[in-house]
Structure formats: C-alpha cells, structure tokens
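Dropping work-v7.cif in here (mmCIF, C-alpha atoms and all ligand atoms):
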data_protein
#
loop_
_atom_site.label_atom_id
_atom_site.label_comp_id
_atom_site.auth_asym_id
_atom_site.auth_seq_id
_atom_site.Cartn_x
_atom_site.Cartn_y
_atom_site.Cartn_z
CA MET A 1252 98.43 111.87 80.88
CA LYS A 1253 95.53 109.42 80.59
CA LYS A 1254 94.13 108.35 83.92
CA ILE A 1255 92.32 105.07 84.45
CA ARG A 1256 89.01 105.85 86.13
CA ILE A 1257 88.20 103.18 88.68
CA GLY A 1258 85.01 102.31 90.55
CA THR A 1259 85.57 100.22 93.65
CA VAL A 1260 83.12 97.93 95.45
CA GLY A 1261 83.68 97.07 99.11
CA LEU A 1262 84.96 99.67 101.56
CA GLY A 1263 85.76 97.40 104.50
CA ARG A 1264 89.11 96.52 106.07
CA LEU A 1265 90.93 96.09 102.77
CA GLY A 1266 88.62 97.84 100.31
CA ARG A 1267 89.15 101.21 101.94
CA ARG A 1268 92.94 100.80 101.68
CA HIS A 1269 92.74 99.94 97.98
CA ALA A 1270 90.40 102.90 97.47
CA GLU A 1271 92.85 105.19 99.27
CA ASN A 1272 95.75 103.93 97.14
CA ILE A 1273 93.80 104.53 93.94
CA ALA A 1274 92.68 107.98 95.05
CA PHE A 1275 95.96 109.34 96.40
CA ARG A 1276 98.98 107.18 95.55
CA LEU A 1277 98.64 106.25 91.88
CA PRO A 1278 99.20 109.18 89.51
CA SER A 1279 97.77 107.19 86.56
CA ALA A 1280 94.52 106.30 88.32
CA GLU A 1281 91.49 108.12 89.61
CA LEU A 1282 88.97 106.90 92.16
CA THR A 1283 85.81 107.92 90.32
CA ALA A 1284 83.14 105.87 92.14
CA VAL A 1285 82.72 103.88 95.34
CA CYS A 1286 80.13 101.26 96.25
CA SER A 1287 79.16 99.40 99.40
CA ILE A 1288 75.96 97.98 100.79
CA ILE A 1289 76.75 99.98 103.92
CA PRO A 1290 75.63 103.56 103.07
CA ALA A 1291 77.69 105.13 105.88
CA GLU A 1292 80.91 103.77 104.33
CA VAL A 1293 80.08 105.31 100.96
CA ASP A 1294 79.09 108.66 102.49
CA ALA A 1295 82.26 108.83 104.59
CA VAL A 1296 84.59 108.20 101.65
CA GLN A 1297 82.72 110.53 99.30
CA GLN A 1298 82.73 113.35 101.81
CA GLU A 1299 86.27 112.87 103.13
CA TRP A 1300 87.92 112.39 99.74
CA GLY A 1301 85.53 114.20 97.38
CA ILE A 1302 84.65 111.17 95.24
CA PRO A 1303 82.04 112.13 92.61
CA TYR A 1304 79.92 108.97 92.48
CA GLY A 1305 78.64 106.77 95.32
CA TYR A 1306 76.44 103.68 95.16
CA ASN A 1307 74.84 101.09 97.40
CA ASP A 1308 73.95 98.87 94.46
CA PHE A 1309 76.78 97.36 92.39
CA ALA A 1310 74.62 97.02 89.26
CA GLU A 1311 73.94 100.76 89.37
CA MET A 1312 77.66 101.55 89.47
CA LEU A 1313 78.19 99.43 86.35
CA LYS A 1314 75.90 101.80 84.40
CA ASN A 1315 78.38 104.64 84.94
CA GLN A 1316 79.94 105.48 81.55
CA ASP A 1317 82.70 107.53 83.20
CA LEU A 1318 84.44 104.36 84.43
CA ASP A 1319 87.19 102.29 82.78
CA ALA A 1320 87.75 99.66 85.44
CA ILE A 1321 86.24 98.03 88.52
CA SER A 1322 88.07 96.99 91.67
CA ILE A 1323 86.24 94.28 93.63
CA CYS A 1324 86.94 94.23 97.38
CA SER A 1325 83.58 92.95 98.58
CA SER A 1326 83.06 89.77 100.61
CA SER A 1327 84.48 86.59 99.05
CA THR A 1328 80.96 85.25 98.39
CA GLU A 1329 80.33 88.14 95.95
CA HIS A 1330 83.48 87.98 93.82
CA CYS A 1331 82.51 85.59 91.00
CA ARG A 1332 79.13 87.20 90.39
CA GLN A 1333 80.56 90.72 90.42
CA ILE A 1334 83.50 89.73 88.19
CA ALA A 1335 81.02 88.40 85.60
CA GLN A 1336 78.78 91.47 85.84
CA ALA A 1337 81.71 93.89 85.50
CA LEU A 1338 83.28 92.08 82.54
CA GLU A 1339 79.93 91.79 80.79
CA ALA A 1340 79.45 95.54 81.26
CA GLY A 1341 82.75 96.08 79.41
CA PHE A 1342 85.14 96.97 82.26
CA HIS A 1343 88.65 95.89 83.16
CA VAL A 1344 88.53 94.08 86.50
CA PHE A 1345 90.73 93.73 89.56
CA SER A 1346 89.33 91.29 92.13
CA GLU A 1347 90.52 90.56 95.62
CA LYS A 1348 91.30 86.96 96.52
CA PRO A 1349 89.88 84.39 96.68
CA LEU A 1350 88.51 84.17 93.14
CA GLY A 1351 85.43 82.50 94.62
CA ILE A 1352 84.45 80.13 97.35
CA GLY A 1353 83.27 77.14 95.27
CA MET A 1354 84.96 75.17 92.48
CA GLU A 1355 81.93 75.45 90.23
CA GLU A 1356 81.80 79.22 90.48
CA VAL A 1357 85.55 79.70 90.00
CA LEU A 1358 85.46 77.54 86.87
CA SER A 1359 82.62 79.61 85.46
CA ALA A 1360 84.53 82.79 86.39
CA ARG A 1361 87.42 81.42 84.35
CA GLN A 1362 85.12 80.94 81.35
CA ILE A 1363 83.84 84.51 81.63
CA VAL A 1364 87.35 85.97 81.94
CA GLU A 1365 88.47 83.97 78.90
CA LYS A 1366 85.42 85.18 76.97
CA TYR A 1367 86.68 88.77 77.27
CA PRO A 1368 90.39 88.58 76.35
CA GLY A 1369 90.45 92.28 75.43
CA GLN A 1370 89.67 93.27 79.02
CA ILE A 1371 92.33 93.11 81.73
CA PHE A 1372 91.63 90.79 84.66
CA GLN A 1373 93.89 90.64 87.71
CA LEU A 1374 93.50 88.72 90.95
CA GLY A 1375 94.65 90.12 94.31
CA PHE A 1376 97.50 87.81 95.26
CA MET A 1377 99.49 90.78 96.50
CA ARG A 1378 102.34 88.79 98.02
CA ARG A 1379 103.67 88.37 94.49
CA PHE A 1380 104.21 92.15 94.52
CA ASP A 1381 105.92 92.33 97.93
CA PRO A 1382 109.57 93.41 97.43
CA SER A 1383 110.97 90.51 99.53
CA TYR A 1384 108.95 87.85 97.69
CA VAL A 1385 109.88 89.40 94.33
CA TYR A 1386 113.56 89.29 95.37
CA ALA A 1387 113.26 85.66 96.52
CA LYS A 1388 111.61 84.65 93.26
CA ARG A 1389 114.45 86.25 91.27
CA LYS A 1390 117.06 84.42 93.38
CA ILE A 1391 115.32 81.09 92.78
CA GLU A 1392 115.07 81.74 89.04
CA ALA A 1393 118.76 82.70 88.97
CA GLY A 1394 119.63 79.27 90.44
CA TYR A 1395 120.87 80.62 93.78
CA ILE A 1396 119.42 77.69 95.78
CA GLY A 1397 119.53 75.06 93.04
CA LYS A 1398 116.37 73.12 92.33
CA PRO A 1399 113.62 73.85 94.93
CA VAL A 1400 112.56 70.66 96.70
CA LEU A 1401 110.50 71.88 99.66
CA ILE A 1402 108.46 74.92 100.58
CA ARG A 1403 107.36 75.66 104.14
CA CYS A 1404 104.75 78.35 104.71
CA TYR A 1405 103.29 79.83 107.88
CA GLY A 1406 100.37 82.25 107.79
CA ILE A 1407 99.16 83.26 111.23
CA ASP A 1408 96.73 86.09 111.86
CA PRO A 1409 96.98 88.11 115.07
CA VAL A 1410 94.80 86.84 117.88
CA SER A 1411 93.86 90.49 118.42
CA ALA A 1412 91.79 90.17 115.19
CA ILE A 1413 89.96 87.05 116.36
CA ASP A 1414 86.57 88.74 116.86
CA GLY A 1415 86.59 89.96 113.25
CA ALA A 1416 87.64 86.52 112.03
CA ILE A 1417 84.73 84.92 113.89
CA ALA A 1418 82.28 87.51 112.54
CA PHE A 1419 83.65 86.92 109.01
CA ALA A 1420 83.67 83.09 109.34
CA ALA A 1421 80.34 82.43 107.59
CA LYS A 1422 81.57 84.25 104.46
CA SER A 1423 85.27 83.35 104.47
CA GLY A 1424 85.12 79.86 102.91
CA GLY A 1425 87.17 78.40 105.79
CA LEU A 1426 90.79 78.57 106.97
CA PHE A 1427 92.35 76.90 103.92
CA LEU A 1428 90.38 78.98 101.41
CA ASP A 1429 90.56 82.24 103.30
CA MET A 1430 94.12 82.17 104.66
CA ALA A 1431 96.25 79.31 103.32
CA ILE A 1432 95.24 80.24 99.77
CA HIS A 1433 97.91 82.97 99.76
CA ASP A 1434 100.53 80.35 100.56
CA PHE A 1435 99.11 77.88 98.04
CA ASP A 1436 99.45 80.55 95.37
CA LEU A 1437 102.97 81.44 96.53
CA SER A 1438 104.02 77.80 96.44
CA ARG A 1439 102.89 77.39 92.80
CA TRP A 1440 104.69 80.61 91.90
CA LEU A 1441 107.94 80.00 93.78
CA LEU A 1442 108.20 76.30 92.85
CA ALA A 1443 106.84 76.83 89.31
CA ALA A 1444 104.82 73.65 89.78
CA GLU A 1445 101.23 72.53 90.24
CA ALA A 1446 99.98 70.50 93.19
CA LYS A 1447 99.38 66.78 92.89
CA SER A 1448 98.07 65.66 96.29
CA VAL A 1449 97.27 67.01 99.74
CA TYR A 1450 96.67 65.75 103.25
CA ALA A 1451 95.31 68.23 105.81
CA VAL A 1452 94.47 68.31 109.49
CA GLY A 1453 93.12 70.96 111.86
CA ALA A 1454 91.01 71.66 114.92
CA CYS A 1455 89.37 74.36 117.01
CA PHE A 1456 91.91 74.52 119.82
CA GLU A 1457 90.48 77.56 121.53
CA TYR A 1458 87.78 79.24 119.44
CA LYS A 1459 84.99 76.67 119.10
CA GLU A 1460 82.88 79.27 117.24
CA PHE A 1461 84.58 78.24 113.98
CA ALA A 1462 83.24 74.69 114.31
CA LYS A 1463 79.72 75.94 113.53
CA TYR A 1464 80.96 76.63 109.99
CA GLY A 1465 82.95 73.40 109.72
CA ASP A 1466 86.04 75.55 110.17
CA VAL A 1467 89.07 75.49 112.50
CA ASP A 1468 91.30 77.99 114.29
CA ASN A 1469 94.51 76.12 113.40
CA GLY A 1470 95.19 73.91 110.39
CA ALA A 1471 98.08 72.29 108.56
CA ALA A 1472 98.56 70.63 105.20
CA MET A 1473 101.23 68.57 103.50
CA LEU A 1474 101.34 68.69 99.71
CA GLN A 1475 103.20 66.99 96.97
CA PHE A 1476 103.69 68.79 93.66
CA GLN A 1477 103.64 67.27 90.20
CA ASN A 1478 107.41 67.72 89.88
CA GLY A 1479 107.97 65.84 93.15
CA ALA A 1480 108.59 68.93 95.32
CA MET A 1481 107.06 68.97 98.80
CA GLY A 1482 105.06 71.56 100.71
CA LEU A 1483 104.34 72.09 104.41
CA PHE A 1484 101.66 74.64 105.21
CA TYR A 1485 100.44 75.97 108.54
CA ALA A 1486 97.62 78.51 108.96
CA GLY A 1487 96.31 79.83 112.24
CA ARG A 1488 94.25 82.61 113.71
CA MET A 1489 95.95 82.94 117.09
CA CYS A 1490 99.32 84.63 116.71
CA ALA A 1491 100.21 86.23 120.04
CA HIS A 1492 103.08 88.42 118.79
CA GLY A 1493 101.40 90.00 115.74
CA TYR A 1494 100.96 88.97 112.10
CA HIS A 1495 103.33 86.17 111.15
CA VAL A 1496 103.80 85.30 107.50
CA GLU A 1497 106.90 83.20 106.97
CA THR A 1498 108.12 81.24 103.96
CA GLU A 1499 111.11 78.98 103.46
CA VAL A 1500 112.21 77.37 100.23
CA ILE A 1501 114.81 74.61 100.44
CA GLY A 1502 116.68 73.76 97.27
CA THR A 1503 119.34 71.26 96.22
CA ARG A 1504 122.09 73.94 96.57
CA GLY A 1505 120.77 76.23 99.29
CA SER A 1506 117.71 77.72 100.85
CA LEU A 1507 116.04 81.03 101.47
CA ARG A 1508 113.62 82.40 104.03
CA ILE A 1509 111.25 85.33 103.89
CA GLY A 1510 109.85 86.90 107.05
CA THR A 1511 111.44 84.46 109.52
CA VAL A 1512 110.83 87.03 112.25
CA PRO A 1513 108.03 89.46 111.38
CA TYR A 1514 109.91 92.56 112.53
CA LYS A 1515 107.92 95.79 112.59
CA ASN A 1516 111.03 97.78 111.69
CA LEU A 1517 114.77 97.93 112.40
CA VAL A 1518 114.39 99.29 115.94
CA THR A 1519 115.54 97.15 118.86
CA LEU A 1520 114.15 98.32 122.19
CA ALA A 1521 115.69 97.76 125.61
CA ASN A 1522 114.50 98.54 129.12
CA GLU A 1523 114.27 96.89 132.54
CA ASN A 1524 112.26 94.01 130.99
CA GLY A 1525 114.96 93.10 128.49
CA VAL A 1526 115.55 93.56 124.76
CA THR A 1527 112.62 93.52 122.32
CA ASN A 1528 111.85 93.76 118.62
CA GLU A 1529 108.22 94.63 117.95
CA CYS A 1530 106.31 92.76 115.21
CA VAL A 1531 103.99 93.85 112.40
CA GLY A 1532 100.42 93.99 113.60
CA GLY A 1533 98.43 92.94 110.54
CA PHE A 1534 98.18 92.49 106.79
CA LEU A 1535 97.70 96.18 106.01
CA GLU A 1536 101.01 96.95 107.70
CA ARG A 1537 103.05 93.97 106.45
CA PHE A 1538 101.88 94.20 102.85
CA GLU A 1539 101.40 97.97 102.58
CA THR A 1540 103.79 98.23 99.62
CA ALA A 1541 102.45 95.07 97.97
CA TYR A 1542 98.86 96.38 97.90
CA LEU A 1543 100.05 99.57 96.23
CA ASN A 1544 102.33 97.72 93.78
CA GLU A 1545 99.62 95.28 92.69
CA MET A 1546 97.15 98.09 91.93
CA GLU A 1547 99.85 100.00 90.05
CA HIS A 1548 100.51 96.82 88.03
CA PHE A 1549 96.78 96.57 87.21
CA VAL A 1550 96.64 100.18 86.04
CA ASN A 1551 99.84 99.81 83.99
CA CYS A 1552 98.50 96.62 82.36
CA ILE A 1553 95.40 98.55 81.26
CA LEU A 1554 97.49 101.46 79.95
CA THR A 1555 99.91 99.24 78.03
CA ASP A 1556 97.46 96.44 77.17
CA LYS A 1557 99.64 93.80 78.88
CA LYS A 1558 98.46 90.61 80.59
CA PRO A 1559 98.79 90.89 84.39
CA GLY A 1560 101.24 88.65 86.26
CA VAL A 1561 98.39 87.13 88.31
CA GLY A 1562 95.32 85.97 86.44
CA VAL A 1563 92.23 83.85 86.62
CA ILE A 1564 94.11 80.56 86.27
CA ASP A 1565 96.01 81.36 89.47
CA GLY A 1566 92.67 81.81 91.19
CA VAL A 1567 91.38 78.50 89.86
CA GLN A 1568 94.50 76.50 90.78
CA SER A 1569 94.84 77.96 94.28
CA THR A 1570 91.14 77.41 94.94
CA ALA A 1571 91.49 73.80 93.82
CA MET A 1572 94.36 73.35 96.31
CA ALA A 1573 92.36 74.97 99.11
CA TYR A 1574 89.33 72.84 98.29
CA ALA A 1575 91.39 69.68 98.25
CA ALA A 1576 92.93 70.63 101.61
CA THR A 1577 89.47 71.31 103.07
CA GLU A 1578 88.17 67.99 101.73
CA SER A 1579 91.17 66.14 103.14
CA PHE A 1580 90.61 67.78 106.53
CA HIS A 1581 86.94 66.71 106.50
CA THR A 1582 87.52 63.14 105.25
CA GLY A 1583 90.90 62.40 106.83
CA LYS A 1584 92.11 61.10 103.46
CA VAL A 1585 94.76 62.15 100.96
CA VAL A 1586 93.08 64.07 98.13
CA TYR A 1587 94.51 63.97 94.60
CA LEU A 1588 94.13 67.00 92.35
CA ASP A 1589 93.34 66.60 88.65
P1 LIG B 1601 84.94 93.51 105.13
O1 LIG B 1601 83.86 92.62 105.64
O2 LIG B 1601 85.68 94.39 106.06
O3 LIG B 1601 84.33 94.45 103.98
C1 LIG B 1601 83.47 93.97 102.98
C2 LIG B 1601 82.95 95.15 102.20
O4 LIG B 1601 82.21 94.68 101.08
C3 LIG B 1601 82.00 96.04 102.99
O5 LIG B 1601 82.23 97.39 102.64
C4 LIG B 1601 80.62 95.59 102.51
O6 LIG B 1601 79.64 96.57 102.63
C5 LIG B 1601 80.95 95.32 101.06
N1 LIG B 1601 80.00 94.44 100.37
C6 LIG B 1601 79.73 93.14 100.64
N2 LIG B 1601 78.84 92.64 99.77
C7 LIG B 1601 78.56 93.65 98.91
C8 LIG B 1601 77.71 93.77 97.78
N3 LIG B 1601 76.97 92.75 97.35
N4 LIG B 1601 77.66 94.96 97.12
C9 LIG B 1601 78.39 96.00 97.54
N5 LIG B 1601 79.22 95.96 98.63
C10 LIG B 1601 79.30 94.79 99.29
O7 LIG B 1601 85.92 92.56 104.33
P2 LIG B 1601 87.50 92.71 104.05
O8 LIG B 1601 88.27 92.17 105.17
O9 LIG B 1601 87.79 94.09 103.57
O10 LIG B 1601 87.67 91.65 102.86
C11 LIG B 1601 87.16 91.93 101.58
C12 LIG B 1601 87.76 90.93 100.61
O11 LIG B 1601 89.16 91.10 100.58
C13 LIG B 1601 87.49 89.47 100.99
O12 LIG B 1601 87.22 88.75 99.84
C14 LIG B 1601 88.81 89.00 101.60
O13 LIG B 1601 89.08 87.63 101.36
C15 LIG B 1601 89.81 89.87 100.86
N6 LIG B 1601 90.99 90.16 101.68
C16 LIG B 1601 92.20 90.01 101.10
C17 LIG B 1601 93.34 90.27 101.81
C18 LIG B 1601 94.66 90.16 101.15
O14 LIG B 1601 95.65 90.13 101.84
N7 LIG B 1601 94.73 90.13 99.83
C19 LIG B 1601 93.30 90.69 103.23
C20 LIG B 1601 91.94 90.87 103.71
C21 LIG B 1601 90.85 90.61 102.96
#

Output the file's structure as structure tokens, nothing else.
Amino acid sequence: MKKIRIGTVGLGRLGRRHAENIAFRLPSAELTAVCSIIPAEVDAVQQEWGIPYGYNDFAEMLKNQDLDAISICSSSTEHCRQIAQALEAGFHVFSEKPLGIGMEEVLSARQIVEKYPGQIFQLGFMRRFDPSYVYAKRKIEAGYIGKPVLIRCYGIDPVSAIDGAIAFAAKSGGLFLDMAIHDFDLSRWLLAAEAKSVYAVGACFEYKEFAKYGDVDNGAAMLQFQNGAMGLFYAGRMCAHGYHVETEVIGTRGSLRIGTVPYKNLVTLANENGVTNECVGGFLERFETAYLNEMEHFVNCILTDKKPGVGVIDGVQSTAMAYAATESFHTGKVVYLD
C-alpha cells in the first residue's frame, strides 16, 4: 500500500498531536520529517518516535525529496509564507487555521493555491470533521429543521489556559481571528451562505493584558448573511467549567443544537456535594476525533486525487468575516463585506 510521506512544521500544542496522528493512527501516512524552530521539540519527537529527518529550518525540510506532503502547524503568522514555499516546492499542503492573519496575505495565498491545482491544499477547520457537526449538517441538508434562519455559536476557551492565550496574543491575530473564525467557518458551512454585514463588540473584562494587542478577553458579533439568515457569535477566554463550544441552528421547521453542555463523557458523579457531570477540558480532548478525521481526509484526497472538503476559499471567506468583526469592534460601526 502506498503511504503518503509527510513532513510537519510546528510541534507545539496542536502540531505535536497532528504529528502523533500521522505517525501512529493513519495507516496510509508516514511521519517522515519534523521541523520546529525549537530544537528540543524536534529532538524529543525524533528520539521518542524514531522519525528519520529533523529540521530547525523550514526551507531545509522542503529540500527533502523523500516527502510527498507538508503539514503546517506553526504559528498563525507563518502560515501564508510557508504555504507558498511548500506549494512552490511541489508538495501537497495541509495548513492549520487561520489561513493567515491579514487580508492581503490570505488573498495572495489564494492565488498561489490556485496556481497549483494539481497539488492538494486543505485548511484545518476540523470541526467540519467532528461526528456531531457532520451529523447536524446532514440533518439540515435533509430538511429536518426546514430553512435555517439563525445560527448561534459560543466558543469559550478554558480559563485554565489563560496564561498560554496571553503569551500567544501577539501572534494570534485577535479573538475574532483566532477563536471566532471556527464559528464563522461553521456558519458559512451550516447555513450554506456567505456573510453580508457584521457588528461586533468586546472588552477586556478581567485580563487587561490583551488590550496591549488591541485584543479582548470576551467578544460578541451579530451577522447578517446574504440570504437573510442571522448569526449570533460569542467568543471568550474565561470558561470556568472547561472548554465550551456550542452551536444552535434555528430553522423554519425546527432547530438543532450541538454541544449544549460540553460533557466530558456519559458518567454522572454523585457525592456529598451533589450530582456532577464533568466537562471537556480543551480542544485536543473535544475534537480528538475531528483532528484525526481531517488528516485522514487530507491523505485520502492525495491518494485519490480528490479536492478536499475545506479549501483556500473557506480560509479567505472566514478571514474576511473575522476581519470585518475586528474592524467593527474597533470602529463601533456595522461593516459590510464585499
Ligand atoms: P504553539 O505556539 O504551541 O506551537 C507553535 C509551533 O510552531 C512551535 O513548535 C514553534 O517552534 C513552531 N514554529 C513557529 N514558527 C516557526 C517557523 N518559522 N519555522 C518552524 N517552526 C515554527 O502553537 P499551537 O497552539 O500549536 O498553534 C499552532 C497553530 O495551530 C496556530 O496557527 C493556531 O491558530 C492553530 N491552532 C488550531 C487549533 C484548531 O482547533 N484547529 C487549535 C489550536 C491551535
């Protein structure tokens, strides 16, 4: 059986998980090379997992003729440049979200991806590969809730991860680009519609550190879509009970909700303090299956020469929504998308 040989860049919180999935959980893939600007990360993975090639310089990894594809899990500021370099070097490319952190760079990334139609490009909007979201999408398409008229999305990171979020703030692109972008992408996918206008608000309610980057710890946005549907979005960094990702779609004949309570599992605990259901603690736990499914999809698309379900246009459109939301937050005005 042919195996797709992948080189991955970025071995941080998420990059290491993707690397592990490629190395051990995908029979049609092989983790052939790893790269990070932090030498200790590369050494650890090479030694622990026996990976043949390790690099601290991305351009060096791209010279490796034993590779078929590159997986980009570096900081968001690096994505567009590395996507271009990897495509130009002839590789198939998977890139984590966001596509980029500026409209100009995401538009040029789109041009580059379109210049190489023979190479697979997939963007890491993994929620589209989560079994519950896939099920919800099928129900909507089957007409179960009628015509969708409103989507409500909550994305709240655990407050236990606040130190990392603050450390990452300079390179995240801000709350709407870093966090709400998942929900912006989901809304386009679930409603099958593009955004028309957005009004956003937000503030640093507790963690003033974000203000230094023009960012907030809690933000909300209201959108209208080109087909008239409505969207309510809330993103925050201070969830006390865990990692809370919740979505509701209201239609003309019904509604559906995904993740209303972010249960950890089916266990209900009881003791002298009462009855409790524990919650998922973070993205790696909640979307464990989705991260694996999306990488499997990428590998299968390469093997069968099929266009992935999430592409560069999804990166461009979601970034435009996040940018418009950020601009609205800064100006206090409704922003209209092209
Ligand atoms: P992190 O800060 O933990 O790790 C970043 C990694 O990239 C480190 O290994 C660092 O050494 C490496 N790196 C940075 N610049 C590099 C360069 N020029 N060359 C080589 N290596 C470089 O970051 P984290 O949390 O793993 O996030 C990585 C990306 O994944 C971000 O773009 C983030 O938005 C995205 N992400 C996506 C999530 C999702 O649910 N789809 C969840 C978390 C992160």

Determine, for each residue of region 1532-1577 of chain A having at least one atom at most 12 Å from an atom of region 1385-1390 of chain A, the closest pair of atoms and their separation in Å to one decimal, counting only C-alpha atoms; order by chain and ascending number, as JSON lines.
{"residue": "A:Thr1540", "atom": "CA", "partner": "A:Val1385", "partner_atom": "CA", "distance": 12.0}
{"residue": "A:Ala1541", "atom": "CA", "partner": "A:Val1385", "partner_atom": "CA", "distance": 10.0}
{"residue": "A:Asn1544", "atom": "CA", "partner": "A:Val1385", "partner_atom": "CA", "distance": 11.2}
{"residue": "A:Glu1545", "atom": "CA", "partner": "A:Val1385", "partner_atom": "CA", "distance": 11.9}
{"residue": "A:Gly1560", "atom": "CA", "partner": "A:Val1385", "partner_atom": "CA", "distance": 11.8}

Report task. Please extract the residues at most 8 Å from ligand LIG 1601 (chain B), counting all atoms listed in the file, and provide them as a PyMOL selection string, using the chain letters and residue numbers of this document. Result -> chain A and resi 1260-1267+1286-1289+1292+1307-1309+1323-1330+1347-1349+1375-1378+1419+1423+1429+1433+1534-1535+1538+1542

For the selection just defined, write its residues with C-alpha atoms to a file, as an mmCIF file, keeping the file's coordinate frame.
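selection29.cif, freshly written:
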data_model
loop_
_atom_site.group_PDB
_atom_site.id
_atom_site.type_symbol
_atom_site.label_atom_id
_atom_site.label_comp_id
_atom_site.auth_asym_id
_atom_site.auth_seq_id
_atom_site.Cartn_x
_atom_site.Cartn_y
_atom_site.Cartn_z
ATOM 1 C CA VAL A 1260 83.120 97.930 95.450
ATOM 2 C CA GLY A 1261 83.680 97.070 99.110
ATOM 3 C CA LEU A 1262 84.960 99.670 101.560
ATOM 4 C CA GLY A 1263 85.760 97.400 104.500
ATOM 5 C CA ARG A 1264 89.110 96.520 106.070
ATOM 6 C CA LEU A 1265 90.930 96.090 102.770
ATOM 7 C CA GLY A 1266 88.620 97.840 100.310
ATOM 8 C CA ARG A 1267 89.150 101.210 101.940
ATOM 9 C CA CYS A 1286 80.130 101.260 96.250
ATOM 10 C CA SER A 1287 79.160 99.400 99.400
ATOM 11 C CA ILE A 1288 75.960 97.980 100.790
ATOM 12 C CA ILE A 1289 76.750 99.980 103.920
ATOM 13 C CA GLU A 1292 80.910 103.770 104.330
ATOM 14 C CA ASN A 1307 74.840 101.090 97.400
ATOM 15 C CA ASP A 1308 73.950 98.870 94.460
ATOM 16 C CA PHE A 1309 76.780 97.360 92.390
ATOM 17 C CA ILE A 1323 86.240 94.280 93.630
ATOM 18 C CA CYS A 1324 86.940 94.230 97.380
ATOM 19 C CA SER A 1325 83.580 92.950 98.580
ATOM 20 C CA SER A 1326 83.060 89.770 100.610
ATOM 21 C CA SER A 1327 84.480 86.590 99.050
ATOM 22 C CA THR A 1328 80.960 85.250 98.390
ATOM 23 C CA GLU A 1329 80.330 88.140 95.950
ATOM 24 C CA HIS A 1330 83.480 87.980 93.820
ATOM 25 C CA GLU A 1347 90.520 90.560 95.620
ATOM 26 C CA LYS A 1348 91.300 86.960 96.520
ATOM 27 C CA PRO A 1349 89.880 84.390 96.680
ATOM 28 C CA GLY A 1375 94.650 90.120 94.310
ATOM 29 C CA PHE A 1376 97.500 87.810 95.260
ATOM 30 C CA MET A 1377 99.490 90.780 96.500
ATOM 31 C CA ARG A 1378 102.340 88.790 98.020
ATOM 32 C CA PHE A 1419 83.650 86.920 109.010
ATOM 33 C CA SER A 1423 85.270 83.350 104.470
ATOM 34 C CA ASP A 1429 90.560 82.240 103.300
ATOM 35 C CA HIS A 1433 97.910 82.970 99.760
ATOM 36 C CA PHE A 1534 98.180 92.490 106.790
ATOM 37 C CA LEU A 1535 97.700 96.180 106.010
ATOM 38 C CA PHE A 1538 101.880 94.200 102.850
ATOM 39 C CA TYR A 1542 98.860 96.380 97.900
#

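Nearest to Asn1315 (chain A) of all the residues A:Arg1379, A:Arg1268, A:Lys1584, A:Arg1256 is A:Arg1256, based on all atoms listed in the file.
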
Requested in this report: Would you kindly return, as a list in words, each protein, DNA or RNA residue with an atom no farther than 7 Å from any atom of Leu1483 (chain A), considering only C-alpha atoms and excluding same-chain residues fewer than 6 positions away?
Outcome: Ile1402, Arg1403, Cys1404, Ala1472, Met1473 and Leu1474 of chain A

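Nearest to Gly1394 (chain A) of all the residues A:His1495, A:Arg1488, A:His1269, A:Arg1504 is A:Arg1504, based on all atoms listed in the file.
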